[in-house]
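Worksheet: one structure, shown below.
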Amino acid sequence: MTGVEIRLGKIFGRAGKAVVVACDHGMFDGPHAGMEDIPAMLERLGDGADAILLSPGMLVHARLYFARRTAPLAITRLNYNSVFCFKWNYSASVISNLYQPEDAMANGADCVLVCLTLKTGSEATDARNSEIFADLCIKAHRLGLPVLGEYFPHSHLTKDPDEFHEEILIGCRMLSELGADFIKTFYTNKFEEVTSKCPIPILGLGAEKTPTDLDALELAEKEMRHGAAGVVFGRNAVQSSDPPAFIAALQDIVKRGMSAKDAVRKYGLTG
Amino acid sequence: MTGVEIRLGKIFGRAGKAVVVACDHGMFDGPHAGMEDIPAMLERLGDGADAILLSPGMLVHARLYFARRTAPLAITRLNYNSVFCFKWNYSASVISNLYQPEDAMANGADCVLVCLTLKTGSEATDARNSEIFADLCIKAHRLGLPVLGEYFPHSHLTKDPDEFHEEILIGCRMLSELGADFIKTFYTNKFEEVTSKCPIPILGLGAEKTPTDLDALELAEKEMRHGAAGVVFGRNAVQSSDPPAFIAALQDIVKRGMSAKDAVRKYGLTG
Amino acid sequence: MTGVEIRLGKIFGRAGKAVVVACDHGMFDGPHAGMEDIPAMLERLGDGADAILLSPGMLVHARLYFARRTAPLAITRLNYNSVFCFKWNYSASVISNLYQPEDAMANGADCVLVCLTLKTGSEATDARNSEIFADLCIKAHRLGLPVLGEYFPHSHLTKDPDEFHEEILIGCRMLSELGADFIKTFYTNKFEEVTSKCPIPILGLGAEKTPTDLDALELAEKEMRHGAAGVVFGRNAVQSSDPPAFIAALQDIVKRGMSAKDAVRKYGLTG
Amino acid sequence: MTGVEIRLGKIFGRAGKAVVVACDHGMFDGPHAGMEDIPAMLERLGDGADAILLSPGMLVHARLYFARRTAPLAITRLNYNSVFCFKWNYSASVISNLYQPEDAMANGADCVLVCLTLKTGSEATDARNSEIFADLCIKAHRLGLPVLGEYFPHSHLTKDPDEFHEEILIGCRMLSELGADFIKTFYTNKFEEVTSKCPIPILGLGAEKTPTDLDALELAEKEMRHGAAGVVFGRNAVQSSDPPAFIAALQDIVKRGMSAKDAVRKYGLTG
Amino acid sequence: MTGVEIRLGKIFGRAGKAVVVACDHGMFDGPHAGMEDIPAMLERLGDGADAILLSPGMLVHARLYFARRTAPLAITRLNYNSVFCFKWNYSASVISNLYQPEDAMANGADCVLVCLTLKTGSEATDARNSEIFADLCIKAHRLGLPVLGEYFPHSHLTKDPDEFHEEILIGCRMLSELGADFIKTFYTNKFEEVTSKCPIPILGLGAEKTPTDLDALELAEKEMRHGAAGVVFGRNAVQSSDPPAFIAALQDIVKRGMSAKDAVRKYGLTG
């Protein structure tokens with residue numbers, strides 16, 4: 001797995017911390033504000049992020065952005081999960097295959113994201129979701145592609161905080177036991193337990209757009225304080241008052257231990 | 001994907017606009033008027049269209065028509081979708097595989113259509129429909145075949161216009177994120193949002209036969225005005241008062257910005 | 001199947017008895033106490049066990065521990081079984097594939113565990129569960145990997161003892177008839193019938209943490225007295241008052257016929 | 001082939017010029033001076049090159065160097081060619097497979113080199129050599145890996161200059177006709193004909209160590225003046241009086257049109 | 001390649017040194033003295049070696065010896081090489097496949113030896129020999145099996161010492177560039193150059209039986225002094241005056257820096 005180590009190192013660097021910007025929302029949600037035109041959005045963002053999470057089909061349109069040595073790495077999402085369609089009142093969290101690792105690699109991806117939801121209420125769904133997760137991990141590793149495992153609980157907006165934490169704790173540990181190389185997941189009320197009881201790096205999510213840049217950066221600060229190895233921010237980065245400055249602020253918080261307040265001041269962000 | 005680019009260019013030309021005539025209705029609907037004998041129909045239509053959408057099995061019968069360098073390109077539909085059987089009160093929108101891209105190519109197709117329906121109410125169906133869509137895209141691309149993605153909502157005749165628009169908006173964006181090269185879909189009440197927030201060309205549908213040629217051409221005109229890259233018309237072209245003239249009119253509207261009224265006048269169509 | 005014999009012999013030795021420590025709980029249950037950091041836990045345990053049962057993904061993190069000739073062998077669990085999610089009130093016992101034998105071997109495993117649950121109430125589930133079990137056995141044997149079959153009944157905490165025994169009796173015999181090389185299962189009220197009517201060695205489980213080390217060791221003593229060929233203990237070993245001493249005590253009980261009481265005294269364990 | 005474009009762009013940048021350092025000599029020649037310890041050599045060189053050409057087995061040892069976003073890309077040589085064994089008086093130029101593209105990718109390569117020799121005197125050898133070349137091109141492209149084609153004539157040190165030029169001219173054109181994405185080859189006495197009559201970028205070789213840095217840089221200057229898109233230098237870079245300065249000088253000559261003399265002066269190299 | 005690391009660690013331990021006893025001579029040479037009955041020979045040798053090199057077919061007969069946790073690891077030779085048939089005046093060094101890695105693993109091997117001869121005088125043979133070597137390396141690594149590369153020159157008994165050294169130097173470096181994990185080769189007159197210019201551990205051969213144990217141990221001492229990471233001794237170990245004592249002496253020389261003289265005295269060997 002030399003390829004996995006090399007590609008993972010390109011995302012995390014020798015410091016072992018990473019700032020990832022996500023713009024894969026269109027795979028399930030349609031065009032979010034600021035993400036209507038992904039290539040234009042990427043040019044606006046600049047090269048401040050360590051990696052960009054996007055859909056496999058979008059790489060063809062954004063290829064000029066990625067075709068430079070200083071560009072962030074490309075991580076593409078591989079599987080379908082109906083958990084993202086809560087806008088349609090979906091709650092069964094059915095996962096299926098979309099792209100295989102070799103197809104993502106052919107499109108230029110350096111890393112793949114594989115999503116898992118468990119505790120769906122249907123044991124057959126849990127069993128099949130796990131099976132797809134492990135299968136994609138194994139195939140990605142055979143090609144030297146690192147796997148960003150995503151644990152995404154259903155009903156994430158309405159679950160009891162303790163139950164939510166417990167599920168994230170179990171889910172992240174399971175991702176690592178099945179072979180993920182690093183994890184993207186939600187912040188919880190006892191997040192340090194999640195990060196300290198899992199053998200692989202965990203990146204904290206940004207989720208919904210917060211009212212101010214400061215709110216979002218404070219979430220990043222909390223995630224780092226409780227053991228995260230970095231963040232995956234989407235709307236809060238892209239829809240920020242100043243996206244490149246927001247990403248620079250994330251880098252200071254993630255890699256240099258800066259406080260969110262200081263970062264807002266340094267970069268003139270909203271607070 | 002040089003093959004994809006070359007074949008796509010044969011449909012769209014350097015201007016990037018296309019007029020496609022669809023006569024694949026028999027795959028789900030039986031013989032529509034004017035489409036009883038596809039080879040004869042094609043000879044009647046002439047070569048005015050840029051491509052013809054038909055079923056894979058019909059290529060064998062229409063091979064004489066396509067076996068000339070000046071003939072329109074052949075696009076064949078690959079997958080089954082029960083969404084088309086509303087005549088039987090079907091509403092579950094179950095998709096399955098019919099032809100694989102290599103089989104379509106063996107029959108002479110230059111491009112394939114893959115259909116997707118989501119928001120079916122069954123998450124397992126949405127998951128499986130998406131899986132089939134992505135799988136066919138990937139396989140077509142490996143063979144250098146461009147993919148015309150079709151987003152087709154269930155209950156399309158009765159849905160609330162805003163809800164319908166929202167679904168088309170999400171569906172088309174998803175097709176592009178999964179790798180489609182261009183799209184065929186319905187006109188909506190905010191169609192410009194659909195075309196402007198999607199990175200690939202969108203062709204507007206004609207759907208039901210309108211009372212006059214002018215009605216149909218005015219739909220094409222509206223679609224173009226709101227960002228379409230062309231049209232896919234079936235019954236309105238084939239059952240027109242003068243099919244070759246109707247297609248010529250579409251070409252003027254799509255590629256030369258002519259108004260529907262002027263086109264009707266120029267070609268002596270009904271209005 | 002020379003490889004199967006050789007690898008099996010490395011676990012059982014010439015005496016044909018084995019002490020296995022399990023720490024694969026994180027695959028379904030999240031981080032148990034003492035198992036938060038598997039590599040650190042293994043260093044604490046020392047080399048007293050004959051083999052360690054862990055998940056396939058954890059081998060990469062624990063590779064330094066296993067990369068020594070005196071290290072216990074590595075057994076990895078291959079398949080998913082929702083029977084372990086009783087914490088989520090799951091009761092359908094659906095099994096699916098996670099890792100294939102060749103993937104486990106590539107990760108450094110010397111032996112694989114395959115789990116089976118029958119009598120699920122769904123004949124389709126029983127049929128599919130059996131199919132996965134046999135398939136993994138066959139593939140493991142082709143590579144020279146021995147198979148540790150695990151029979152795990154659903155509702156194991158609440159079943160009637162006689163019914164429970166009857167199911168374990170049938171289940172273990174079935175594992176052997178399908179090709180397992182040795183078995184991990186529960187102690188029952190007529191355990192000697194299980195061990196004497198099955199042609200392959202059976203290792204008794206430890207299951208839930210007992211109040212004292214003595215309680216756990218007495219279970220091991222009973223299992224051995226009734227024909228077990230050894231034990232697979234997880235939490236009772238790892239969460240013992242003195243894990244290396246507890247494992248040494250298990251070795252004395254399993255291989256030298258020592259009583260639990262004497263072992264507690266010899267190693268200064270809690271009783 | 002989006003992956004091919006993206007990975008090629010990472011080597012060439014938007015300016016379309018590249019400086020590659022080769023240290024794959026050990027695959028055929030044993031340890032050259034300065035290349036005894038490849039990882040240490042790479043740390044000495046720094047990140048000034050756009051890509052490093054090395055053997056597939058060496059990536060595992062040099063993985064720390066490549067596991068950073070600012071590191072040059074890794075190009076690995078895939079096939080065997082006895083043309084390199086002129087030290088053993090070999091002259092038949094027999095090519096065989098060593099690594100397949102998927103294995104190179106699993107080891108972390110971003111691009112592959114495939115070598116071709118023709119005019120071997122044995123038509124069977126020419127035929128087989130071509131077959132292997134095309135096969136590796138196709139497989140690399142399926143995975144999104146760009147192919148650096150190398151045309152290497154046998155008896156390259158003793159051939160008549162005009163005959164040598166003619167063969168390079170034909171060979172390079174043939175590489176492009178078979179699907180290579182860019183080329184590494186020798187400078188010839190009418191090099192501009194080679195570069196101007198081939199549709200893909202050509203990188204000029206450095207070959208034997210020249211007495212001074214200036215001599216080598218003047219070769220690079222001549223190659224660029226006659227249409228090269230960059231250079232692949234090995235011994236002249238690694239055994240230079242100051243390797244990082246030499247690479248910086250190459251960058252100035254290749255991308256900024258500096259003369260070799262000015263570069264020697266700017267970087268204090270030997271001349 | 002976690003499996004490769006784990007299995008390699010079982011041979012080399014944390015000190016990174018290894019003593020291997022070879023008894024695979026029967027694959028090419030028939031029954032050497034002391035090796036008539038391999039299982040009996042192994043029982044005589046005891047467990048002092050870190051690994052035993054034997055043929056794949058012999059594992060079935062020796063399975064009882066290896067089926068214990070304290071047994072040395074089993075390394076099996078995979079490919080045929082006529083270089084070993086100098087007794088038949090063979091000199092073309094033709095290599096072919098015998099066992100594939102998966103077959104060796106099925107027979108219980110933990111590691112595989114792959115042999116290479118170059119400079120055969122036939123470029124087609126060199127090309128094919130290299131191709132087989134790389135192919136077996138890649139397949140072994142996919143299964144997590146480490147590869148012991150053997151460079152074996154033809155005419156090894158009669159070659160000029162400097163030419164012999166030069167070939168070993170090039171050959172060993174080439175094995176590492178093609179993916180071997182460690183090497184078995186001959187001692188040369190400038191052996192330190194071989195070990196210092198190769199990135200992987202090199203084990204020195206014992207070759208022909210020396211008159212006394214001391215002669216053989218002095219060869220081991222010289223090999224270690226010049227950078228070897230251990231030894232592979234066959235006849236000198238098996239036909240020693242006291243094989244277990246001879247192996248213990250090798251361990252002291254290889255891992256604890258003892259002189260051959262002291263080792264002979266300590267173990268009462270012939271000198």
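Please note that chains go A, B, ... in the order of the structure tokens, that every chain numbers its residues from 1, and that ligands are numbered from 1 in the order shown.
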Spatial neighbours of Asp37 in chain D, max dist 10 Å, only C-alpha atoms, sep filter under 3 positions, as a PyMOL selection string: (chain D and resi 31-34+40-42+61-62) or (chain E and resi 196-199)
Contact residues (chain A, partner chain E, 12 Å, only C-alpha atoms) as an MDAnalysis selection string: chainID A and resid 1:5 138:139 141:144 179
Selection: 6 Å around range 64-78 of chain C, only C-alpha atoms, excl. self and same-chain fewer than 2 positions, as a VMD selection string: (chain C and resid 47 49 to 56 62 98 to 99 109 to 114) or (chain E and resid 6 9 to 10 13)
Next, dump the selected residues to file, keeping only C-alpha atoms, as an mmCIF file, in the first residue's frame.
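Contents of the output file selection_7.cif:
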```cif
data_model
loop_
_atom_site.group_PDB
_atom_site.id
_atom_site.type_symbol
_atom_site.label_atom_id
_atom_site.label_comp_id
_atom_site.auth_asym_id
_atom_site.auth_seq_id
_atom_site.Cartn_x
_atom_site.Cartn_y
_atom_site.Cartn_z
ATOM 1 C CA ASP C 47 2.685 -12.988 23.902
ATOM 2 C CA ALA C 49 -2.027 -16.147 23.930
ATOM 3 C CA ASP C 50 -1.753 -18.571 21.019
ATOM 4 C CA ALA C 51 -3.709 -16.313 18.711
ATOM 5 C CA ILE C 52 -5.441 -12.955 18.682
ATOM 6 C CA LEU C 53 -8.838 -12.455 17.043
ATOM 7 C CA LEU C 54 -9.165 -8.982 15.549
ATOM 8 C CA SER C 55 -10.725 -7.133 12.622
ATOM 9 C CA PRO C 56 -9.011 -7.068 9.223
ATOM 10 C CA ALA C 62 -1.087 -3.574 15.040
ATOM 11 C CA LEU C 98 -16.952 -7.860 4.349
ATOM 12 C CA TYR C 99 -13.471 -9.204 3.640
ATOM 13 C CA ALA C 109 -3.853 -12.860 8.795
ATOM 14 C CA ASP C 110 -2.905 -16.509 9.422
ATOM 15 C CA CYS C 111 -6.457 -17.724 9.981
ATOM 16 C CA VAL C 112 -9.984 -16.418 9.413
ATOM 17 C CA LEU C 113 -13.153 -16.425 11.481
ATOM 18 C CA VAL C 114 -16.468 -16.914 9.693
ATOM 19 C CA ILE E 6 4.242 -8.683 9.251
ATOM 20 C CA GLY E 9 9.137 -9.026 10.593
ATOM 21 C CA LYS E 10 8.638 -12.657 11.627
ATOM 22 C CA GLY E 13 12.596 -9.604 14.096
#
```
Every residue of range 99-131 of chain E that DSSP places in helix (DSSP H, G or I), as a ChimeraX atom specification: /E:101-106,123-131
Emit the selected residues as an mmCIF file, in the first residue's frame, including all heavy atoms.
```cif
data_model
loop_
_atom_site.group_PDB
_atom_site.id
_atom_site.type_symbol
_atom_site.label_atom_id
_atom_site.label_comp_id
_atom_site.auth_asym_id
_atom_site.auth_seq_id
_atom_site.Cartn_x
_atom_site.Cartn_y
_atom_site.Cartn_z
ATOM 1 N N PRO E 101 2.649 -17.730 -6.388
ATOM 2 C CA PRO E 101 2.596 -17.385 -4.959
ATOM 3 C C PRO E 101 1.385 -17.981 -4.234
ATOM 4 O O PRO E 101 1.494 -18.458 -3.108
ATOM 5 C CB PRO E 101 2.555 -15.861 -4.983
ATOM 6 C CG PRO E 101 3.327 -15.496 -6.215
ATOM 7 C CD PRO E 101 2.969 -16.562 -7.218
ATOM 8 N N GLU E 102 0.212 -17.961 -4.864
ATOM 9 C CA GLU E 102 -0.969 -18.481 -4.178
ATOM 10 C C GLU E 102 -0.866 -19.980 -3.913
ATOM 11 O O GLU E 102 -1.422 -20.483 -2.935
ATOM 12 C CB GLU E 102 -2.235 -18.164 -4.965
ATOM 13 C CG GLU E 102 -2.337 -18.862 -6.304
ATOM 14 C CD GLU E 102 -3.467 -18.288 -7.143
ATOM 15 O OE1 GLU E 102 -3.246 -17.244 -7.765
ATOM 16 O OE2 GLU E 102 -4.550 -18.881 -7.157
ATOM 17 N N ASP E 103 -0.142 -20.688 -4.763
ATOM 18 C CA ASP E 103 0.021 -22.121 -4.544
ATOM 19 C C ASP E 103 1.006 -22.373 -3.402
ATOM 20 O O ASP E 103 0.839 -23.296 -2.610
ATOM 21 C CB ASP E 103 0.543 -22.789 -5.821
ATOM 22 C CG ASP E 103 -0.383 -22.520 -7.000
ATOM 23 O OD1 ASP E 103 -1.595 -22.703 -6.834
ATOM 24 O OD2 ASP E 103 0.108 -22.096 -8.047
ATOM 25 N N ALA E 104 2.042 -21.558 -3.346
ATOM 26 C CA ALA E 104 3.001 -21.678 -2.248
ATOM 27 C C ALA E 104 2.311 -21.399 -0.920
ATOM 28 O O ALA E 104 2.502 -22.105 0.075
ATOM 29 C CB ALA E 104 4.156 -20.701 -2.463
ATOM 30 N N MET E 105 1.476 -20.367 -0.926
ATOM 31 C CA MET E 105 0.736 -20.005 0.288
ATOM 32 C C MET E 105 -0.211 -21.130 0.698
ATOM 33 O O MET E 105 -0.333 -21.451 1.879
ATOM 34 C CB MET E 105 -0.044 -18.734 -0.004
ATOM 35 C CG MET E 105 -0.818 -18.254 1.161
ATOM 36 S SD MET E 105 -1.107 -16.476 1.024
ATOM 37 C CE MET E 105 0.162 -15.864 2.132
ATOM 38 N N ALA E 106 -0.869 -21.727 -0.276
ATOM 39 C CA ALA E 106 -1.787 -22.825 0.026
ATOM 40 C C ALA E 106 -1.040 -23.995 0.658
ATOM 41 O O ALA E 106 -1.601 -24.740 1.462
ATOM 42 C CB ALA E 106 -2.505 -23.283 -1.246
ATOM 43 N N GLU E 123 19.673 -12.212 -25.122
ATOM 44 C CA GLU E 123 18.862 -11.096 -24.638
ATOM 45 C C GLU E 123 17.417 -11.512 -24.431
ATOM 46 O O GLU E 123 16.731 -11.004 -23.543
ATOM 47 C CB GLU E 123 18.973 -9.915 -25.603
ATOM 48 C CG GLU E 123 20.414 -9.435 -25.663
ATOM 49 C CD GLU E 123 20.638 -8.253 -26.598
ATOM 50 O OE1 GLU E 123 19.819 -7.318 -26.563
ATOM 51 O OE2 GLU E 123 21.635 -8.280 -27.346
ATOM 52 N N ALA E 124 16.935 -12.438 -25.254
ATOM 53 C CA ALA E 124 15.567 -12.927 -25.073
ATOM 54 C C ALA E 124 15.443 -13.625 -23.718
ATOM 55 O O ALA E 124 14.433 -13.491 -23.024
ATOM 56 C CB ALA E 124 15.197 -13.892 -26.198
ATOM 57 N N THR E 125 16.483 -14.364 -23.329
ATOM 58 C CA THR E 125 16.453 -15.031 -22.029
ATOM 59 C C THR E 125 16.503 -14.005 -20.893
ATOM 60 O O THR E 125 15.729 -14.081 -19.939
ATOM 61 C CB THR E 125 17.634 -16.017 -21.911
ATOM 62 O OG1 THR E 125 17.495 -16.996 -22.932
ATOM 63 C CG2 THR E 125 17.651 -16.699 -20.552
ATOM 64 N N ASP E 126 17.380 -13.029 -21.004
ATOM 65 C CA ASP E 126 17.419 -11.971 -19.987
ATOM 66 C C ASP E 126 16.048 -11.296 -19.848
ATOM 67 O O ASP E 126 15.566 -11.054 -18.737
ATOM 68 C CB ASP E 126 18.446 -10.888 -20.369
ATOM 69 C CG ASP E 126 19.870 -11.234 -19.951
ATOM 70 O OD1 ASP E 126 20.275 -12.409 -20.116
ATOM 71 O OD2 ASP E 126 20.589 -10.331 -19.470
ATOM 72 N N ALA E 127 15.445 -10.998 -20.994
ATOM 73 C CA ALA E 127 14.161 -10.286 -20.986
ATOM 74 C C ALA E 127 13.075 -11.136 -20.331
ATOM 75 O O ALA E 127 12.302 -10.660 -19.495
ATOM 76 C CB ALA E 127 13.759 -9.919 -22.412
ATOM 77 N N ARG E 128 13.039 -12.416 -20.697
ATOM 78 C CA ARG E 128 12.014 -13.303 -20.141
ATOM 79 C C ARG E 128 12.278 -13.569 -18.659
ATOM 80 O O ARG E 128 11.359 -13.615 -17.848
ATOM 81 C CB ARG E 128 11.995 -14.613 -20.936
ATOM 82 C CG ARG E 128 11.029 -15.661 -20.424
ATOM 83 C CD ARG E 128 9.585 -15.280 -20.645
ATOM 84 N NE ARG E 128 8.683 -16.315 -20.118
ATOM 85 C CZ ARG E 128 7.561 -16.052 -19.466
ATOM 86 N NH1 ARG E 128 7.164 -14.812 -19.277
ATOM 87 N NH2 ARG E 128 6.806 -17.033 -19.016
ATOM 88 N N ASN E 129 13.545 -13.772 -18.288
ATOM 89 C CA ASN E 129 13.885 -13.985 -16.875
ATOM 90 C C ASN E 129 13.428 -12.799 -16.017
ATOM 91 O O ASN E 129 12.855 -12.977 -14.939
ATOM 92 C CB ASN E 129 15.395 -14.187 -16.716
ATOM 93 C CG ASN E 129 15.866 -15.545 -17.223
ATOM 94 O OD1 ASN E 129 15.057 -16.350 -17.702
ATOM 95 N ND2 ASN E 129 17.160 -15.815 -17.146
ATOM 96 N N SER E 130 13.663 -11.592 -16.511
ATOM 97 C CA SER E 130 13.260 -10.391 -15.767
ATOM 98 C C SER E 130 11.746 -10.299 -15.657
ATOM 99 O O SER E 130 11.194 -9.928 -14.618
ATOM 100 C CB SER E 130 13.778 -9.135 -16.478
ATOM 101 O OG SER E 130 15.178 -9.159 -16.570
ATOM 102 N N GLU E 131 11.086 -10.638 -16.746
ATOM 103 C CA GLU E 131 9.622 -10.579 -16.785
ATOM 104 C C GLU E 131 9.016 -11.527 -15.735
ATOM 105 O O GLU E 131 8.089 -11.146 -15.001
ATOM 106 C CB GLU E 131 9.159 -10.974 -18.180
ATOM 107 C CG GLU E 131 7.668 -10.873 -18.401
ATOM 108 C CD GLU E 131 7.312 -11.159 -19.856
ATOM 109 O OE1 GLU E 131 7.774 -12.195 -20.402
ATOM 110 O OE2 GLU E 131 6.585 -10.365 -20.449
#
```
Å distance separating CA of Val147 in chain D from CA of Ile200 in chain D, one decimal place: 11.2 Å
For range 253-269 of chain B: contacts at 6 Å, only C-alpha atoms, fewer than 2 positions along chain excluded, given as a PyMOL selection string: chain B and resi 217-218+230+245+249-251
CA of Met58 in chain A to CA of Glu166 in chain B, distance in Å rounded to a single decimal: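 Answer for the CA of Met58 in chain A to CA of Glu166 in chain B separation: 20.7 Å.
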Those in range 116-187 of chain E with strand (DSSP E) from DSSP, as number ranges by chain: E: 116, 147-151, 182-185
Using 7 Å as the limit and counting only C-alpha atoms, can you tabulate each residue of range 122-195 of chain A that touches range 205-215 of chain A, with its shortest atom-to-atom distance in Å and the two atoms involved, as a Markdown table?
```
| residue | atom | partner | partner_atom | distance |
| --- | --- | --- | --- | --- |
| A:Lys184 | CA | A:Leu205 | CA | 6.5 |
| A:Thr185 | CA | A:Leu205 | CA | 5.7 |
| A:Phe186 | CA | A:Leu205 | CA | 5.2 |
| A:Tyr187 | CA | A:Leu205 | CA | 6.7 |
```
Dump of N, CA and C atoms for the selected residues, as a tab-separated table (two decimals), in the first residue's frame:
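Result written to part_19.tsv:
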```tsv
chain	number	residue	atom	x	y	z
A	184	LYS	N	-14.38	11.24	7.93
A	184	LYS	CA	-15.10	12.51	7.94
A	184	LYS	C	-16.37	12.26	8.74
A	185	THR	N	-16.60	13.01	9.79
A	185	THR	CA	-17.85	12.79	10.53
A	185	THR	C	-18.27	14.05	11.27
A	186	PHE	N	-19.39	13.93	11.98
A	186	PHE	CA	-19.98	15.05	12.71
A	186	PHE	C	-19.29	15.29	14.05
A	187	TYR	N	-19.33	16.53	14.49
A	187	TYR	CA	-18.93	16.86	15.84
A	187	TYR	C	-20.03	16.35	16.78
```
Coordinates-based distance that separates CA of Arg7 in chain B from CA of Leu136 in chain B (Å, one decimal):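 Result for CA of Leu136 in chain B versus CA of Arg7 in chain B: 17.0 Å, one decimal.
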Contacts of Ala237 in chain A within 9 Å, only C-alpha atoms, excl. fewer than 4 positions in-chain, as a VMD selection string: chain A and resid 21 to 22 45 206 209 213 216 233 241 to 244 246 to 247
